[in-house]
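Below is final.tsv, which holds TSV, C-alpha atoms (C1' of nucleotides).
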chain	number	residue	atom	x	y	z
Z	98	MET	CA	57.99	53.56	25.97
Z	99	THR	CA	60.19	50.72	24.91
Z	100	SER	CA	58.27	47.51	24.33
Z	101	HIS	CA	59.63	44.20	25.43
Z	102	ILE	CA	60.23	43.07	21.87
Z	103	GLU	CA	61.95	46.35	21.02
Z	104	GLN	CA	64.23	45.73	23.96
Z	105	LEU	CA	65.13	42.31	22.56
Z	106	CYS	CA	65.81	43.86	19.16
Z	107	ILE	CA	68.20	46.34	20.66
Z	108	GLU	CA	69.98	43.59	22.53
Z	109	LYS	CA	70.39	41.69	19.28
Z	110	GLY	CA	71.78	44.81	17.61
Z	111	LEU	CA	69.00	45.22	15.06
Z	112	LYS	CA	68.72	48.62	13.47
Z	113	MET	CA	65.59	50.17	14.93
Z	114	THR	CA	63.34	52.22	12.70
Z	115	ASP	CA	60.03	53.77	13.63
Z	116	GLN	CA	58.20	51.09	11.71
Z	117	ARG	CA	60.00	48.24	13.43
Z	118	ARG	CA	59.26	49.82	16.77
Z	119	VAL	CA	55.58	49.89	15.85
Z	120	VAL	CA	55.52	46.23	14.81
Z	121	ALA	CA	57.44	45.30	17.94
Z	122	ARG	CA	54.98	47.16	20.09
Z	123	VAL	CA	51.96	45.64	18.38
Z	124	LEU	CA	53.27	42.15	19.01
Z	125	SER	CA	54.35	42.92	22.54
Z	126	GLU	CA	50.89	44.16	23.34
Z	127	ALA	CA	49.06	41.32	21.60
Z	128	ASN	CA	47.88	38.46	23.69
Z	129	ASP	CA	46.36	36.60	20.79
Z	130	HIS	CA	47.89	35.21	17.60
Z	131	PRO	CA	47.34	37.86	14.93
Z	132	ASP	CA	47.90	37.21	11.27
Z	133	VAL	CA	49.82	39.66	9.10
Z	134	GLU	CA	46.78	41.63	8.12
Z	135	GLN	CA	45.77	42.06	11.74
Z	136	VAL	CA	49.26	43.17	12.68
Z	137	HIS	CA	49.11	45.67	9.84
Z	138	ILE	CA	45.76	47.02	10.98
Z	139	ARG	CA	46.99	47.42	14.55
Z	140	ALA	CA	50.22	48.99	13.34
Z	141	MET	CA	48.30	51.51	11.25
Z	142	ARG	CA	46.49	52.68	14.35
Z	143	ILE	CA	49.89	53.85	15.58
Z	144	ASP	CA	51.42	54.85	12.25
Z	145	PRO	CA	48.80	55.19	9.51
Z	146	ASN	CA	51.48	55.20	6.83
Z	147	ILE	CA	53.14	51.89	7.60
Z	148	SER	CA	52.93	49.62	4.60
Z	149	ILE	CA	52.00	45.97	4.56
Z	150	ALA	CA	55.32	45.19	2.89
Z	151	THR	CA	57.17	46.64	5.84
Z	152	VAL	CA	55.03	44.64	8.22
Z	153	TYR	CA	55.93	41.49	6.32
Z	154	ARG	CA	59.59	42.47	6.35
Z	155	SER	CA	59.62	43.30	10.03
Z	156	LEU	CA	57.86	40.09	10.96
Z	157	ARG	CA	60.34	38.08	8.96
Z	158	LEU	CA	63.21	39.91	10.60
Z	159	LEU	CA	61.85	39.29	14.07
Z	160	GLU	CA	61.19	35.68	13.27
Z	161	GLU	CA	64.72	35.15	11.96
Z	162	ALA	CA	66.05	36.72	15.13
Z	163	SER	CA	63.96	34.21	17.09
Z	164	ILE	CA	62.20	37.06	18.81
Z	165	ILE	CA	58.79	36.01	17.54
Z	166	GLU	CA	57.40	32.74	16.26
Z	167	ARG	CA	55.42	32.07	13.15
Z	168	LEU	CA	52.39	29.86	13.55
Z	169	ASP	CA	50.57	28.05	10.81
Z	170	PHE	CA	47.10	26.81	11.60
Z	171	GLY	CA	46.59	25.45	8.14
Z	172	ASP	CA	44.35	28.19	6.81
Z	173	GLY	CA	46.94	29.65	4.48
Z	174	ARG	CA	47.87	32.62	6.64
Z	175	SER	CA	50.82	33.06	8.94
Z	176	ARG	CA	50.14	34.08	12.49
Z	177	TYR	CA	52.65	35.39	14.94
Z	178	GLU	CA	53.29	35.43	18.65
Z	179	GLU	CA	56.09	36.57	20.86
Z	180	ALA	CA	58.59	33.77	21.30
Z	181	CYS	CA	58.41	32.11	24.65
Z	182	GLU	CA	61.19	30.27	26.47
Z	183	ARG	CA	58.69	27.68	27.51
Z	184	HIS	CA	57.78	25.52	24.56
Z	185	HIS	CA	54.06	25.27	24.05
Z	186	HIS	CA	51.48	24.17	21.54
Z	187	HIS	CA	48.02	25.26	20.47
Z	188	LEU	CA	44.53	23.92	20.68
Z	189	ILE	CA	42.32	25.66	18.14
Z	190	ASP	CA	38.59	25.84	18.75
Z	191	ILE	CA	37.24	25.09	15.29
Z	192	GLN	CA	33.94	26.75	16.09
Z	193	THR	CA	35.19	30.06	17.41
Z	194	GLY	CA	38.77	30.19	16.17
Z	195	GLU	CA	39.86	30.72	19.75
Z	196	VAL	CA	43.37	29.49	20.45
Z	197	ILE	CA	44.34	27.91	23.73
Z	198	GLU	CA	47.99	27.44	24.56
Z	199	PHE	CA	49.16	24.43	26.46
Z	200	ILE	CA	52.36	22.90	27.67
Z	201	ASN	CA	52.97	19.22	28.07
Z	202	ASP	CA	56.30	17.77	29.01
Z	203	GLU	CA	55.31	14.22	28.23
Z	204	ILE	CA	54.67	15.19	24.62
Z	205	GLU	CA	58.01	16.97	24.41
Z	206	GLU	CA	59.75	13.89	25.70
Z	207	LEU	CA	57.85	11.56	23.40
Z	208	LYS	CA	58.65	13.61	20.31
Z	209	ARG	CA	62.31	13.50	21.11
Z	210	LYS	CA	62.17	9.78	21.72
Z	211	ILE	CA	60.29	9.06	18.50
Z	212	ALA	CA	62.79	11.00	16.42
Z	213	HIS	CA	65.64	9.31	18.23
Z	214	ASP	CA	64.21	5.85	17.64
Z	215	LEU	CA	63.93	6.64	13.93
Z	216	ASN	CA	67.59	7.60	14.02
Z	217	TYR	CA	66.95	11.28	13.63
Z	218	ARG	CA	67.90	14.33	15.57
Z	219	LEU	CA	64.87	16.51	16.22
Z	220	ILE	CA	65.26	20.02	14.84
Z	221	GLY	CA	61.73	21.31	14.76
Z	222	HIS	CA	58.21	20.11	15.15
Z	223	ARG	CA	54.70	21.26	15.06
Z	224	LEU	CA	51.68	20.13	16.97
Z	225	GLU	CA	48.21	21.50	16.88
Z	226	LEU	CA	45.00	20.13	18.21
Z	227	TYR	CA	41.64	21.10	16.74
Z	228	GLY	CA	38.60	20.61	18.88
Z	229	ILE	CA	35.19	21.77	19.99
Z	230	LYS	CA	34.12	22.68	23.48
Z	231	ARG	CA	32.58	19.91	25.50
Z	232	ARG	CA	29.03	20.68	26.57
Z	233	THR	CA	28.56	17.84	28.98
Z	234	ASP	CA	30.76	15.41	30.78
Z	235	LYS	CA	29.37	12.77	28.45
Z	236	ASP	CA	31.40	14.06	25.54
Z	237	GLU	CA	34.51	12.13	24.89
S	1063	MET	CA	41.41	-1.72	-13.61
S	1064	THR	CA	39.59	-0.06	-10.76
S	1065	SER	CA	41.95	1.56	-8.28
S	1066	HIS	CA	41.36	1.33	-4.59
S	1067	ILE	CA	40.48	5.00	-4.34
S	1068	GLU	CA	38.11	4.75	-7.29
S	1069	GLN	CA	36.40	1.92	-5.46
S	1070	LEU	CA	35.94	4.14	-2.42
S	1071	CYS	CA	34.55	6.92	-4.62
S	1072	ILE	CA	31.97	4.55	-6.06
S	1073	GLU	CA	30.99	3.38	-2.61
S	1074	LYS	CA	30.49	7.01	-1.58
S	1075	GLY	CA	28.35	7.61	-4.66
S	1076	LEU	CA	30.62	10.17	-6.30
S	1077	LYS	CA	30.09	10.74	-9.98
S	1078	MET	CA	33.05	9.18	-11.72
S	1079	THR	CA	34.59	10.89	-14.69
S	1080	ASP	CA	37.68	9.85	-16.63
S	1081	GLN	CA	39.67	12.60	-14.96
S	1082	ARG	CA	38.65	11.60	-11.47
S	1083	ARG	CA	39.55	8.04	-12.23
S	1084	VAL	CA	42.99	9.20	-13.32
S	1085	VAL	CA	43.56	11.24	-10.15
S	1086	ALA	CA	42.27	8.36	-8.04
S	1087	ARG	CA	44.65	5.98	-9.75
S	1088	VAL	CA	47.62	8.30	-9.39
S	1089	LEU	CA	47.05	8.57	-5.67
S	1090	SER	CA	46.34	4.88	-5.24
S	1091	GLU	CA	49.61	4.05	-6.92
S	1092	ALA	CA	51.65	6.67	-5.08
S	1093	ASN	CA	53.60	5.58	-2.09
S	1094	ASP	CA	55.00	9.02	-1.41
S	1095	HIS	CA	53.31	12.34	-0.59
S	1096	PRO	CA	53.01	14.16	-3.91
S	1097	ASP	CA	52.07	17.81	-4.15
S	1098	VAL	CA	49.46	19.02	-6.62
S	1099	GLU	CA	51.96	19.64	-9.39
S	1100	GLN	CA	53.36	16.15	-9.04
S	1101	VAL	CA	49.88	14.65	-9.11
S	1102	HIS	CA	49.20	16.66	-12.24
S	1103	ILE	CA	52.38	15.46	-13.93
S	1104	ARG	CA	51.60	11.84	-13.11
S	1105	ALA	CA	48.01	12.29	-14.23
S	1106	MET	CA	49.16	13.74	-17.54
S	1107	ARG	CA	51.13	10.58	-18.22
S	1108	ILE	CA	47.78	8.79	-18.30
S	1109	ASP	CA	45.66	11.57	-19.80
S	1110	PRO	CA	47.79	14.30	-21.38
S	1111	ASN	CA	44.83	16.67	-21.54
S	1112	ILE	CA	43.88	16.72	-17.88
S	1113	SER	CA	44.06	20.26	-16.56
S	1114	ILE	CA	45.62	21.40	-13.32
S	1115	ALA	CA	42.28	22.95	-12.33
S	1116	THR	CA	40.63	19.57	-12.53
S	1117	VAL	CA	43.40	18.03	-10.49
S	1118	TYR	CA	42.81	20.66	-7.81
S	1119	ARG	CA	39.07	20.08	-7.95
S	1120	SER	CA	39.39	16.31	-7.78
S	1121	LEU	CA	41.81	16.47	-4.88
S	1122	ARG	CA	39.48	18.74	-2.98
S	1123	LEU	CA	36.56	16.41	-3.66
S	1124	LEU	CA	38.49	13.37	-2.46
S	1125	GLU	CA	39.66	15.20	0.59
S	1126	GLU	CA	36.15	16.33	1.49
S	1127	ALA	CA	35.00	12.75	1.13
S	1128	SER	CA	37.76	11.75	3.56
S	1129	ILE	CA	39.21	9.44	0.95
S	1130	ILE	CA	42.53	11.22	0.89
S	1131	GLU	CA	44.31	13.48	3.34
S	1132	ARG	CA	45.91	16.83	2.75
S	1133	LEU	CA	49.30	17.31	4.31
S	1134	ASP	CA	50.99	20.59	4.92
S	1135	PHE	CA	54.68	20.48	5.58
S	1136	GLY	CA	54.97	24.23	5.81
S	1137	ASP	CA	56.50	24.88	2.41
S	1138	GLY	CA	53.41	26.50	0.95
S	1139	ARG	CA	52.26	23.52	-1.08
S	1140	SER	CA	49.63	20.96	-0.25
S	1141	ARG	CA	50.60	17.33	-0.41
S	1142	TYR	CA	48.25	14.41	-0.47
S	1143	GLU	CA	48.15	10.80	0.59
S	1144	GLU	CA	45.53	8.12	0.66
S	1145	ALA	CA	43.66	8.27	3.96
S	1146	CYS	CA	44.59	5.51	6.29
S	1147	GLU	CA	42.47	4.01	9.04
S	1148	ARG	CA	45.54	3.86	11.20
S	1149	HIS	CA	46.37	7.34	12.31
S	1150	HIS	CA	49.96	8.28	11.66
S	1151	HIS	CA	52.23	11.28	11.58
S	1152	HIS	CA	55.24	12.40	9.63
S	1153	LEU	CA	58.89	12.99	10.29
S	1154	ILE	CA	60.36	15.19	7.58
S	1155	ASP	CA	64.07	15.01	6.85
S	1156	ILE	CA	64.90	18.67	6.42
S	1157	GLN	CA	68.03	17.84	4.44
S	1158	THR	CA	66.54	15.48	1.87
S	1159	GLY	CA	62.84	16.18	2.09
S	1160	GLU	CA	62.28	12.49	2.73
S	1161	VAL	CA	59.14	11.77	4.72
S	1162	ILE	CA	58.97	8.97	7.26
S	1163	GLU	CA	55.60	7.90	8.59
S	1164	PHE	CA	55.23	6.80	12.14
S	1165	ILE	CA	52.57	5.67	14.52
S	1166	ASN	CA	52.63	6.20	18.24
S	1167	ASP	CA	49.81	5.25	20.49
S	1168	GLU	CA	51.17	7.13	23.46
S	1169	ILE	CA	50.97	10.37	21.51
S	1170	GLU	CA	47.44	9.60	20.39
S	1171	GLU	CA	46.44	8.97	23.97
S	1172	LEU	CA	48.18	12.09	25.24
S	1173	LYS	CA	46.52	14.31	22.67
S	1174	ARG	CA	43.13	13.05	23.63
S	1175	LYS	CA	43.89	13.56	27.29
S	1176	ILE	CA	45.20	17.09	26.79
S	1177	ALA	CA	42.11	18.14	24.86
S	1178	HIS	CA	39.88	16.50	27.42
S	1179	ASP	CA	41.61	18.24	30.31
S	1180	LEU	CA	41.08	21.57	28.54
S	1181	ASN	CA	37.41	20.67	28.29
S	1182	TYR	CA	37.50	20.08	24.56
S	1183	ARG	CA	36.57	17.23	22.35
S	1184	LEU	CA	39.37	16.46	19.93
S	1185	ILE	CA	38.28	16.70	16.31
S	1186	GLY	CA	41.55	16.91	14.46
S	1187	HIS	CA	45.18	17.41	15.07
S	1188	ARG	CA	48.41	17.66	13.30
S	1189	LEU	CA	51.87	16.62	14.30
S	1190	GLU	CA	55.01	16.80	12.29
S	1191	LEU	CA	58.58	16.36	13.35
S	1192	TYR	CA	61.43	17.91	11.41
S	1193	GLY	CA	64.85	16.40	11.86
S	1194	ILE	CA	68.18	15.44	10.38
S	1195	LYS	CA	69.69	11.99	10.26
S	1196	ARG	CA	71.93	11.06	13.12
S	1197	ARG	CA	75.46	10.24	12.00
S	1198	THR	CA	76.73	8.79	15.23
S	1199	ASP	CA	75.24	7.52	18.42
S	1200	LYS	CA	76.62	10.63	20.03
S	1201	ASP	CA	73.96	12.83	18.46
S	1202	GLU	CA	71.10	13.55	20.71
J	663	DG	C1'	18.36	7.02	-25.17
J	664	DT	C1'	17.65	11.61	-22.76
J	665	DG	C1'	17.95	15.40	-19.88
J	666	DA	C1'	19.44	17.81	-15.87
J	667	DG	C1'	22.89	18.63	-12.95
J	668	DG	C1'	27.35	18.33	-12.42
J	669	DA	C1'	32.31	18.25	-14.43
J	670	DT	C1'	36.01	20.02	-17.47
J	671	DG	C1'	39.44	23.15	-19.79
J	672	DC	C1'	41.06	27.46	-20.26
J	673	DA	C1'	42.09	31.78	-18.88
J	674	DA	C1'	41.34	35.29	-15.78
J	675	DA	C1'	40.95	36.22	-10.86
J	676	DT	C1'	42.36	35.73	-5.90
J	677	DC	C1'	45.18	35.59	-1.95
J	678	DA	C1'	49.18	35.67	0.67
J	679	DT	C1'	53.65	36.95	0.20
J	680	DT	C1'	57.93	38.75	-1.96
J	681	DC	C1'	60.42	41.73	-4.87
J	682	DT	C1'	61.95	46.08	-7.43
J	683	DC	C1'	63.33	50.53	-7.25
J	684	DA	C1'	63.53	55.22	-6.15
J	685	DA	C1'	63.63	57.96	-2.16
J	686	DG	C1'	64.38	58.31	2.77
J	687	DT	C1'	66.62	57.14	7.40
J	688	DG	C1'	69.58	55.16	11.31
J	689	DT	C1'	74.19	54.57	12.93
J	690	DC	C1'	78.83	55.45	13.65
J	691	DA	C1'	83.15	57.81	12.81
J	692	DG	C1'	85.12	62.01	12.91
C	325	DC	C1'	76.93	67.88	14.99
C	326	DT	C1'	77.55	66.13	10.27
C	327	DG	C1'	78.00	63.26	6.54
C	328	DA	C1'	78.64	58.87	4.37
C	329	DC	C1'	76.85	54.59	3.49
C	330	DA	C1'	74.38	50.79	4.10
C	331	DC	C1'	70.17	49.60	5.16
C	332	DT	C1'	64.87	50.67	5.09
C	333	DT	C1'	60.68	52.04	3.37
C	334	DG	C1'	56.35	52.65	0.40
C	335	DA	C1'	54.05	51.68	-3.66
C	336	DG	C1'	53.03	48.82	-6.85
C	337	DA	C1'	54.31	45.10	-9.81
C	338	DA	C1'	55.50	40.21	-9.67
C	339	DT	C1'	55.09	35.55	-7.93
C	340	DG	C1'	53.28	31.04	-6.83
C	341	DA	C1'	49.59	28.37	-5.23
C	342	DT	C1'	44.93	27.85	-5.66
C	343	DT	C1'	40.13	29.10	-7.14
C	344	DT	C1'	36.68	30.66	-10.22
C	345	DG	C1'	33.71	32.16	-14.42
C	346	DC	C1'	32.05	30.47	-18.34
C	347	DA	C1'	31.03	27.93	-22.40
C	348	DT	C1'	31.06	23.21	-23.49
C	349	DC	C1'	30.91	18.32	-22.40
C	350	DC	C1'	29.84	14.11	-19.79
C	351	DT	C1'	27.42	10.87	-16.20
C	352	DC	C1'	23.88	8.56	-14.54
C	353	DA	C1'	19.10	7.88	-13.05
C	354	DC	C1'	14.95	7.33	-15.39

Written as structure tokens, that's how I'd like the structure from this file.
Amino acid sequence: MTSHIEQLCIEKGLKMTDQRRVVARVLSEANDHPDVEQVHIRAMRIDPNISIATVYRSLRLLEEASIIERLDFGDGRSRYEEACERHHHHLIDIQTGEVIEFINDEIEELKRKIAHDLNYRLIGHRLELYGIKRRTDKDE
Amino acid sequence: MTSHIEQLCIEKGLKMTDQRRVVARVLSEANDHPDVEQVHIRAMRIDPNISIATVYRSLRLLEEASIIERLDFGDGRSRYEEACERHHHHLIDIQTGEVIEFINDEIEELKRKIAHDLNYRLIGHRLELYGIKRRTDKDE
DNA sequence: GTGAGGATGCAAATCATTCTCAAGTGTCAG
DNA sequence: CTGACACTTGAGAATGATTTGCATCCTCAC
């Protein structure tokens, strides 16, 4: 079976090796935001011989091809997710590590406006929220 | 002379050593966002014997006391600035590395609202914009 | 002034990530 | 189908930022 990411790789003309197919599949099947070690562990379930160096190389390749996105939640590890047309951001539950994705057009517009007002053209940006679950409606 | 940060340390009851005073002074006098190596270099101009390990330890201490803030611009190094009551964010010029601080109440409000709508209480957040200077008014 | 707990300097250790290099593989032309 | 050639891979060493172990030194409350 050809994973969605593998399909994108082929369309971009990337040379497909068994290892890249495995990494592509792992990320296509993930619905979380695994770090490199987690990707490696999942990849080894498919190909026990795949090396961590190859995982790093494949992730970098996919990122440079804009097929996946690298996330940085400030804990010193890179996490990855399949790139999405729709721009979104992340809310990280600091108690459980759970990551909630959200989209907000107002924020997108504001960011652009802020950069513009500072006389800059916006190239990239990064927004993460860190929070804890509200127990009651009293919580702010 | 007692630097502003040293003053805050005293108020928080932190044990003050010569080295901590030096790091406090370096950060109080900085009006940029130095990384650890830069803090160390500046500190060594005051006390040539201060070790990088102590700089790391002092920075961590000050950060944990909420006296300074750690910034992460995604280049693998931590940068620091004096904590500011007024919450602000950073626009990084990806051509020059220059960092522009900005404040935007609408964004603050939006972040709070987004977290609230997701049933979370906002604890922390992080927003950085990366851009390049606009040459003409034509640029977006 | 003293002592106990904490801080420092140095070097070794960690951690994530990248690189080196020899050996293996995918792709494309023929 | 076959080979050439450039590109990949695995293993481990190297890197760069940061932390830690340990022996020694310093701060501060008493």

Practice task
Quick one: everything within 6 Å of Z:His222, counting all atoms listed in the file, minus sequence neighbours fewer than 5 positions away in the same chain. Send it as an NGL selection string.
Solution key: :S and (1190-1192)

Go ahead and dump the residues you just picked, C-alpha atoms, as a PDB file, in the frame of the given file.
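So the final result, stored in result-v3.pdb, reads:
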ATOM      1  CA  GLU S1190      55.010  16.800  12.290  1.00  0.00           C
ATOM      2  CA  LEU S1191      58.580  16.360  13.350  1.00  0.00           C
ATOM      3  CA  TYR S1192      61.430  17.910  11.410  1.00  0.00           C
TER       4      TYR S1192
END

What's around J:DT676 at 10 Å? Count only C-alpha atoms (C1' of nucleotides), leave out sequence neighbours fewer than 5 positions away in its own chain, and write the answer as a PDB file with C-alpha atoms (C1' of nucleotides), keeping the file's coordinate frame.
ATOM      1  C1'  DT C 342      44.930  27.850  -5.660  1.00  0.00           C
ATOM      2  C1'  DT C 343      40.130  29.100  -7.140  1.00  0.00           C
ATOM      3  C1'  DT C 344      36.680  30.660 -10.220  1.00  0.00           C
TER       4       DT C 344
END

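Counting all atoms listed in the file, the residue from S:Arg1104, S:Glu1125, S:Glu1163, S:Ser1140 that sits nearest to S:Cys1071 is S:Glu1125.
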
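In this model, the gap between atom CA of Z:Thr99 and atom CA of Z:Ala121 comes to 9.2 Å.
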
Handout entry: Close residues, J:DG668 itself excluded, 10 Å, only C-alpha atoms (C1' of nucleotides), min 3 positions apart in chain, as a PyMOL selection string
Key = (chain S and resi 1077) or (chain C and resi 350-351)

Exercise for the section: Please provide as a list of chain:residue names all residues within 12 Å of C:DA330, with the sequence filter that same-chain residues fewer than 2 positions apart are discarded (counting all atoms listed in the file). Expected result: Z:Lys112, J:DT687, J:DG688, J:DT689, J:DC690, C:DA328, C:DT332

Practice task
Just the residues within 12 Å of Z:Glu182, please, counting all atoms listed in the file, with nothing from its chain fewer than 2 positions along; format it as an MDAnalysis selection string.
Solution key: chainID Z and resid 163:166 179:180 184:185 200

Show me a table, sorted first by chain and then by increasing residue number, of the residues of chain S having an atom at most 12 Å from chain Z, each with its shortest atom pair and the distance in Å to one decimal, counting only C-alpha atoms and written as CSV.
residue,atom,partner,partner_atom,distance
S:Arg1132,CA,Z:Gly171,CA,10.2
S:Leu1133,CA,Z:Gly171,CA,9.4
S:Asp1134,CA,Z:Gly171,CA,7.3
S:Phe1135,CA,Z:Arg223,CA,9.5
S:Gly1136,CA,Z:Asp169,CA,7.7
S:Asp1137,CA,Z:Asp169,CA,10.8
S:Gly1138,CA,Z:Gly173,CA,8.0
S:Arg1139,CA,Z:Gly173,CA,9.8
S:Ser1140,CA,Z:Gly171,CA,10.0
S:His1151,CA,Z:Leu224,CA,10.4
S:His1152,CA,Z:His222,CA,9.9
S:Leu1153,CA,Z:Ala212,CA,7.5
S:Ile1154,CA,Z:His222,CA,9.3
S:Asp1155,CA,Z:Tyr217,CA,8.3
S:Ile1156,CA,Z:Ile220,CA,8.5
S:Gln1157,CA,Z:Ile220,CA,11.0
S:Glu1160,CA,Z:Tyr217,CA,11.9
S:Val1161,CA,Z:Leu215,CA,11.6
S:Ile1162,CA,Z:Leu215,CA,8.6
S:Glu1163,CA,Z:Leu215,CA,10.0
S:Phe1164,CA,Z:Ile211,CA,8.4
S:Ile1165,CA,Z:Ile211,CA,9.3
S:Asn1166,CA,Z:Ile211,CA,8.2
S:Asp1167,CA,Z:Leu207,CA,10.6
S:Glu1168,CA,Z:Leu207,CA,8.0
S:Ile1169,CA,Z:Ile204,CA,6.8
S:Glu1170,CA,Z:Ile204,CA,10.1
S:Glu1171,CA,Z:Ile204,CA,10.3
S:Leu1172,CA,Z:Ile204,CA,7.2
S:Lys1173,CA,Z:Leu226,CA,7.5
S:Arg1174,CA,Z:Glu237,CA,8.8
S:Lys1175,CA,Z:Glu237,CA,9.8
S:Ile1176,CA,Z:Asn201,CA,8.2
S:Ala1177,CA,Z:Gly228,CA,7.4
S:His1178,CA,Z:Glu237,CA,7.4
S:Asp1179,CA,Z:Arg231,CA,10.4
S:Leu1180,CA,Z:Ile197,CA,8.6
S:Asn1181,CA,Z:Arg231,CA,5.6
S:Tyr1182,CA,Z:Lys230,CA,4.4
S:Arg1183,CA,Z:Gly228,CA,5.3
S:Leu1184,CA,Z:Gly228,CA,4.3
S:Ile1185,CA,Z:Gly228,CA,4.7
S:Gly1186,CA,Z:Tyr227,CA,4.8
S:His1187,CA,Z:Leu226,CA,4.2
S:Arg1188,CA,Z:Glu225,CA,5.3
S:Leu1189,CA,Z:Leu224,CA,4.4
S:Glu1190,CA,Z:Arg223,CA,5.3
S:Leu1191,CA,Z:His222,CA,4.2
S:Tyr1192,CA,Z:Gly221,CA,4.8
S:Gly1193,CA,Z:Leu219,CA,4.4
S:Ile1194,CA,Z:Arg218,CA,5.3
S:Lys1195,CA,Z:Tyr217,CA,4.4
S:Arg1196,CA,Z:Tyr217,CA,5.0
S:Arg1197,CA,Z:Asn216,CA,8.5
S:Thr1198,CA,Z:Asn216,CA,9.3
S:Asp1199,CA,Z:Asn216,CA,8.8
S:Lys1200,CA,Z:Arg218,CA,10.5
S:Asp1201,CA,Z:Arg218,CA,6.9
S:Glu1202,CA,Z:Arg218,CA,6.1

Fill in the blank from the handout: Correct to one decimal, the distance atom CA of Z:His130-atom CA of Z:Tyr177 is 5.5 Å

Problem - Interface, chain C side, toward chain Z (10 Å; only C-alpha atoms (C1' of nucleotides)) as a PyMOL selection string - result: chain C and resi 331-335

Exercise for the section: Report as a PyMOL selection string the set of chain J residues whose atoms approach chain S to within 12 Å, with distances computed over only C-alpha atoms (C1' of nucleotides). Expected result: chain J and resi 667-673+678-679

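Atom pair atom CA of S:Met1106 / atom C1' of J:DA675 has a distance of 24.8 Å (rounded to one decimal).
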
Could you give me the centre and size, in Å to one decimal, of an axis-aligned box around all listed atoms of stretch 204-220 of chain Z with 6 Å added on every side, as lines of an AutoDock Vina configuration file?
center_x = 61.3
center_y = 12.9
center_z = 19.7
size_x = 25.2
size_y = 26.2
size_z = 24.1
